[in-house]
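Asker: My structure is below; once you've seen it, I'll send some questions.
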Amino acid sequence: MIKTLLSSDLPRSRLLSALLLVVLFGLALAPFLFPGARSLNVAATICVFIVLVASYDLLLGYTGIVSFAHTMFYGIGAYGVGLALHSMGPSWWAIFVGTAGALSLSLVLALVIGLFSLRVRAIFYAMITLAVASAFAVLASQLSDLTGGEDGRTFRVPEILQPGFHLFEGEILGRAIDGKLITYYLVFCSALALFLFMLRIVNSPFGRVLQAIRENDFRAEALGYRTVIYRTLANCLGALVATLAGVLMALWLRYVGPKTMLSFEVMTDILLIVVIGGMGTVYGAVIGSALFILMQNYLQVLMREASDAMAAVPLLANLFHPDRWLLWLGVLFVLSVYFFPTGIVGRLRTRAAVRRPR
């Protein structure tokens, strides 16, 4: 049952299995284990980024495509459902129309970019995608009448997803079953389904061809595979899943804006998570997203406590001042690359393979 659910791609490491179970149950029970708006927001962000990073790893880790346009598709999904809810009102029909429109636009753009750009190699394709993504971000900022410009748009969601909605009176495990909780589990279940879908894609015959193209596209072409077609299909699949991730984030935040959805900082976060978790491993998206988002939200708090504890030693107190959290985040990233050159998941799997008896 579990082997079928995971598409026969088991973690192959006891430690990795334990980490994945911790993340799974932590996210599944987050509203009850970690009460508070901030912790719930962190858990929802992890769910969305797992999907977003897994969709990008399909391109970078499994196909060898370096693209900087992934945040564009992420933003299209967020803006699609956000603008539909803003203009049509808080209804499920608006969510359906916005999601369908966003998926259609993402598919067309991904197909066009794939057909016209994937014939070029390496850095040239990356630069083309960067230019397209930058143009789209500028367009979203300038069309203020439609998108709200730099301020973005806030919107209402259907009543069952609103924080003031209560499914029934009373609490379960000390938690009211309100609209915020329902929205979280909508995000969690959707993210879990999309993750299992990505796992199935990379372990299908299609996924094996993508890995062959990554290793040696000339040899894959010689074997009869049209590499341009496979690259284009991978680009379209990654774009569609990234669009759905944007839809989930918009429903959770009830807001869309260029800095939140389309900024290059989101793209750099995706790249960092892929490297930390491990390229070419869908499980790397889970471990990398959980670690990165947790550090991004709580490293500053930990440093503040460390600085207060070292108040008697001014030099150390200044070194761990919370304003320097980005410096230490960079240091931790460098250390992770040094000690885990293939990512955390790649290192754990390699170590498990070496220890496994022949």
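Convention: chains lettered A, B, ... in structure tokens order; per-chain residue numbering from 1; ligands numbered from 1 as shown.
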Residues of region 4-191 of chain A classed as strand (DSSP E or B) by DSSP on the backbone are to be reported as number ranges by chain.
Answerer: A: 153-154, 166-172, 175-178
Asker: So which residues touch Ile213 (chain A) within 10 Å, counting only C-alpha atoms, skipping near sequence neighbours fewer than 3 positions away, as a PyMOL selection string?
Answerer: chain A and resi 62-65+207-210+216-221+225-228+230-231
Asker: Measuring between only C-alpha atoms, which one of A:Ala309, A:Ala30, A:Leu83, A:Leu10 shows the shortest distance to Leu146 (chain A)?
Answerer: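 The closest residue to Leu146 (chain A) is A:Leu83.
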Asker: List as a JSON list (two decimals) with N, CA and C atoms, in the first residue's frame the protein and nucleic acid residues near region 288-302 of chain A, meaning an atom at most 8 Å away when only C-alpha atoms are counted, but skip any in the same chain fewer than 6 places from it.
Answerer:
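Once everything was written out, this is result.json:
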[["chain", "number", "residue", "atom", "x", "y", "z"],
["A", 23, "VAL", "N", 7.99, 15.50, 9.55],
["A", 23, "VAL", "CA", 7.42, 16.62, 8.79],
["A", 23, "VAL", "C", 5.95, 16.36, 8.47],
["A", 42, "VAL", "N", 3.36, 29.48, 9.20],
["A", 42, "VAL", "CA", 4.61, 28.82, 8.83],
["A", 42, "VAL", "C", 4.32, 27.44, 8.25],
["A", 45, "THR", "N", 2.86, 27.76, 4.77],
["A", 45, "THR", "CA", 3.91, 28.16, 3.82],
["A", 45, "THR", "C", 4.79, 26.97, 3.46],
["A", 46, "ILE", "N", 5.10, 26.13, 4.43],
["A", 46, "ILE", "CA", 5.89, 24.93, 4.14],
["A", 46, "ILE", "C", 5.15, 24.04, 3.15],
["A", 49, "PHE", "N", 5.37, 25.59, -0.33],
["A", 49, "PHE", "CA", 6.71, 25.56, -0.90],
["A", 49, "PHE", "C", 7.16, 24.14, -1.23],
["A", 50, "ILE", "N", 6.65, 23.14, -0.54],
["A", 50, "ILE", "CA", 6.96, 21.76, -0.91],
["A", 50, "ILE", "C", 6.50, 21.50, -2.35],
["A", 53, "VAL", "N", 8.64, 23.83, -4.85],
["A", 53, "VAL", "CA", 10.02, 23.37, -5.03],
["A", 53, "VAL", "C", 10.05, 22.04, -5.78],
["A", 273, "ILE", "N", 16.39, 26.13, -1.50],
["A", 273, "ILE", "CA", 15.74, 24.93, -0.96],
["A", 273, "ILE", "C", 16.09, 23.70, -1.77],
["A", 274, "VAL", "N", 16.13, 23.85, -3.10],
["A", 274, "VAL", "CA", 16.50, 22.71, -3.95],
["A", 274, "VAL", "C", 17.91, 22.22, -3.63],
["A", 275, "VAL", "N", 18.84, 23.17, -3.45],
["A", 275, "VAL", "CA", 20.23, 22.79, -3.15],
["A", 275, "VAL", "C", 20.33, 22.16, -1.77],
["A", 276, "ILE", "N", 19.63, 22.71, -0.78],
["A", 276, "ILE", "CA", 19.69, 22.17, 0.58],
["A", 276, "ILE", "C", 19.08, 20.78, 0.64],
["A", 277, "GLY", "N", 17.89, 20.62, 0.04],
["A", 277, "GLY", "CA", 17.23, 19.32, 0.09],
["A", 277, "GLY", "C", 17.89, 18.27, -0.78],
["A", 278, "GLY", "N", 18.35, 18.69, -1.96],
["A", 278, "GLY", "CA", 18.98, 17.75, -2.88],
["A", 278, "GLY", "C", 18.29, 17.76, -4.22],
["A", 322, "PRO", "N", 20.03, 39.77, 16.76],
["A", 322, "PRO", "CA", 19.00, 39.30, 15.81],
["A", 322, "PRO", "C", 19.01, 40.01, 14.47],
["A", 323, "ASP", "N", 19.56, 41.22, 14.41],
["A", 323, "ASP", "CA", 19.63, 41.92, 13.13],
["A", 323, "ASP", "C", 20.60, 41.25, 12.15],
["A", 325, "TRP", "N", 20.67, 38.01, 11.49],
["A", 325, "TRP", "CA", 20.17, 36.67, 11.22],
["A", 325, "TRP", "C", 20.41, 36.24, 9.78],
["A", 329, "LEU", "N", 22.17, 32.91, 8.49],
["A", 329, "LEU", "CA", 21.46, 32.05, 7.53],
["A", 329, "LEU", "C", 22.36, 31.71, 6.35],
["A", 344, "ILE", "N", 20.75, 17.16, 1.51],
["A", 344, "ILE", "CA", 20.52, 16.32, 2.69],
["A", 344, "ILE", "C", 19.99, 14.95, 2.29]]
Asker: Return the single residue from A:Asp269, A:Asp145, A:Glu150, A:Glu215 that is closest to Tyr56 (chain A), with distances computed using only C-alpha atoms.
Answerer: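 Counting only C-alpha atoms, the residue closest to Tyr56 (chain A) is A:Asp269.
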Asker: Run DSSP on the backbone and give me the residues of region 119-218 of chain A it puts in helix (DSSP H, G or I), as a PyMOL selection string.
Answerer: chain A and resi 122-142+144-147+149-151+159-161+179-202+205-215+217-218
Asker: Could those residues be written to a file, using C-alpha atoms, as a PDB file, in the first residue's frame?
Answerer:
ATOM      1  CA  ALA A 122      22.170  26.312 -20.695  1.00  0.00           C
ATOM      2  CA  ILE A 123      22.683  29.965 -19.776  1.00  0.00           C
ATOM      3  CA  PHE A 124      20.890  31.305 -22.871  1.00  0.00           C
ATOM      4  CA  TYR A 125      17.629  29.622 -21.917  1.00  0.00           C
ATOM      5  CA  ALA A 126      18.011  30.798 -18.294  1.00  0.00           C
ATOM      6  CA  MET A 127      18.446  34.390 -19.458  1.00  0.00           C
ATOM      7  CA  ILE A 128      15.374  34.178 -21.692  1.00  0.00           C
ATOM      8  CA  THR A 129      13.220  32.889 -18.829  1.00  0.00           C
ATOM      9  CA  LEU A 130      14.604  35.604 -16.533  1.00  0.00           C
ATOM     10  CA  ALA A 131      13.677  38.286 -19.067  1.00  0.00           C
ATOM     11  CA  VAL A 132      10.148  36.909 -19.490  1.00  0.00           C
ATOM     12  CA  ALA A 133       9.610  36.661 -15.709  1.00  0.00           C
ATOM     13  CA  SER A 134      10.926  40.196 -15.157  1.00  0.00           C
ATOM     14  CA  ALA A 135       8.657  41.564 -17.875  1.00  0.00           C
ATOM     15  CA  PHE A 136       5.660  39.831 -16.319  1.00  0.00           C
ATOM     16  CA  ALA A 137       6.495  41.234 -12.858  1.00  0.00           C
ATOM     17  CA  VAL A 138       6.775  44.763 -14.275  1.00  0.00           C
ATOM     18  CA  LEU A 139       3.499  44.297 -16.130  1.00  0.00           C
ATOM     19  CA  ALA A 140       1.736  43.184 -12.937  1.00  0.00           C
ATOM     20  CA  SER A 141       3.076  46.238 -11.098  1.00  0.00           C
ATOM     21  CA  GLN A 142       2.050  48.726 -13.789  1.00  0.00           C
ATOM     22  CA  SER A 144      -2.696  49.025 -11.262  1.00  0.00           C
ATOM     23  CA  ASP A 145      -6.341  49.215 -12.380  1.00  0.00           C
ATOM     24  CA  LEU A 146      -6.432  45.452 -12.746  1.00  0.00           C
ATOM     25  CA  THR A 147      -3.846  44.081 -10.333  1.00  0.00           C
ATOM     26  CA  GLY A 149      -0.080  47.705  -8.713  1.00  0.00           C
ATOM     27  CA  GLU A 150       2.568  47.522  -6.005  1.00  0.00           C
ATOM     28  CA  ASP A 151      -0.103  47.381  -3.292  1.00  0.00           C
ATOM     29  CA  GLU A 159     -17.781  31.794   3.762  1.00  0.00           C
ATOM     30  CA  ILE A 160     -16.589  28.362   4.859  1.00  0.00           C
ATOM     31  CA  LEU A 161     -12.957  29.532   4.451  1.00  0.00           C
ATOM     32  CA  GLY A 179     -12.656  28.760   8.586  1.00  0.00           C
ATOM     33  CA  LYS A 180      -8.927  29.253   9.126  1.00  0.00           C
ATOM     34  CA  LEU A 181      -8.532  25.608  10.150  1.00  0.00           C
ATOM     35  CA  ILE A 182     -10.589  24.443   7.166  1.00  0.00           C
ATOM     36  CA  THR A 183      -8.449  26.567   4.836  1.00  0.00           C
ATOM     37  CA  TYR A 184      -5.281  25.101   6.320  1.00  0.00           C
ATOM     38  CA  TYR A 185      -6.413  21.528   5.759  1.00  0.00           C
ATOM     39  CA  LEU A 186      -7.502  22.439   2.226  1.00  0.00           C
ATOM     40  CA  VAL A 187      -3.941  23.647   1.616  1.00  0.00           C
ATOM     41  CA  PHE A 188      -2.391  20.631   3.377  1.00  0.00           C
ATOM     42  CA  CYS A 189      -4.465  17.976   1.572  1.00  0.00           C
ATOM     43  CA  SER A 190      -4.005  19.670  -1.810  1.00  0.00           C
ATOM     44  CA  ALA A 191      -0.248  19.935  -1.250  1.00  0.00           C
ATOM     45  CA  LEU A 192      -0.070  16.256  -0.246  1.00  0.00           C
ATOM     46  CA  ALA A 193      -1.991  15.188  -3.368  1.00  0.00           C
ATOM     47  CA  LEU A 194       0.217  17.329  -5.631  1.00  0.00           C
ATOM     48  CA  PHE A 195       3.376  15.977  -3.982  1.00  0.00           C
ATOM     49  CA  LEU A 196       2.275  12.375  -4.587  1.00  0.00           C
ATOM     50  CA  PHE A 197       1.444  13.340  -8.176  1.00  0.00           C
ATOM     51  CA  MET A 198       4.956  14.732  -8.670  1.00  0.00           C
ATOM     52  CA  LEU A 199       6.407  11.579  -7.129  1.00  0.00           C
ATOM     53  CA  ARG A 200       4.445   9.501  -9.616  1.00  0.00           C
ATOM     54  CA  ILE A 201       5.603  11.657 -12.558  1.00  0.00           C
ATOM     55  CA  VAL A 202       9.325  11.362 -11.798  1.00  0.00           C
ATOM     56  CA  PRO A 205       8.684   6.027 -17.845  1.00  0.00           C
ATOM     57  CA  PHE A 206       8.329   9.707 -18.742  1.00  0.00           C
ATOM     58  CA  GLY A 207      10.386  10.629 -15.684  1.00  0.00           C
ATOM     59  CA  ARG A 208      13.073   8.102 -16.639  1.00  0.00           C
ATOM     60  CA  VAL A 209      13.394   9.715 -20.058  1.00  0.00           C
ATOM     61  CA  LEU A 210      13.788  13.115 -18.402  1.00  0.00           C
ATOM     62  CA  GLN A 211      16.636  11.752 -16.285  1.00  0.00           C
ATOM     63  CA  ALA A 212      18.260  10.308 -19.420  1.00  0.00           C
ATOM     64  CA  ILE A 213      18.045  13.735 -21.056  1.00  0.00           C
ATOM     65  CA  ARG A 214      19.635  15.277 -17.978  1.00  0.00           C
ATOM     66  CA  GLU A 215      22.546  12.845 -18.085  1.00  0.00           C
ATOM     67  CA  ASP A 217      20.650  14.606 -24.149  1.00  0.00           C
ATOM     68  CA  PHE A 218      22.616  13.702 -27.298  1.00  0.00           C
TER      69      PHE A 218
END
Asker: What is the CA of Gly238 (chain A)-CA of Ala78 (chain A) distance in Å, reported with one decimal?
Answerer: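 According to the coordinates, CA of Gly238 (chain A) and CA of Ala78 (chain A) are separated by 15.6 Å.
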Asker: Env of region 90-92 of chain A: 10 Å cut, atoms = only C-alpha atoms, seq-sep filter 4 positions within chain, self excluded. Answer as a list of chain:residue names.
Answerer: A:Gly82, A:Ala84, A:Leu85, A:His86, A:Phe96, A:Val97, A:Gly98, A:Phe155, A:Arg156, A:Val157, A:Pro158, A:Glu159, A:Leu161, A:Gln162
Asker: So, with only C-alpha atoms as the atoms that count, which of A:Gly77, A:Ser55, A:Ser67, A:Arg14 lies closest to Val256 (chain A)?
Answerer: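 Using only C-alpha atoms, Val256 (chain A) sits closest to A:Gly77.
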Asker: Please provide the set of residues having any atom within 12 Å of Met310 (chain A), restricted to only C-alpha atoms, with same-chain residues fewer than 6 positions apart removed, written as a list of chain:residue names.
Answerer: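 Here the qualifying residues turn out to be A:Met303, A:Arg304, A:Leu316, A:Ala317, A:Asn318, A:Leu319, A:Phe320, A:His321.
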Asker: What does the structure give for the distance between CA of Val345 (chain A) and CA of Gly284 (chain A), in Å to one decimal?
Answerer: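 Between these atoms lies a distance of 5.5 Å.
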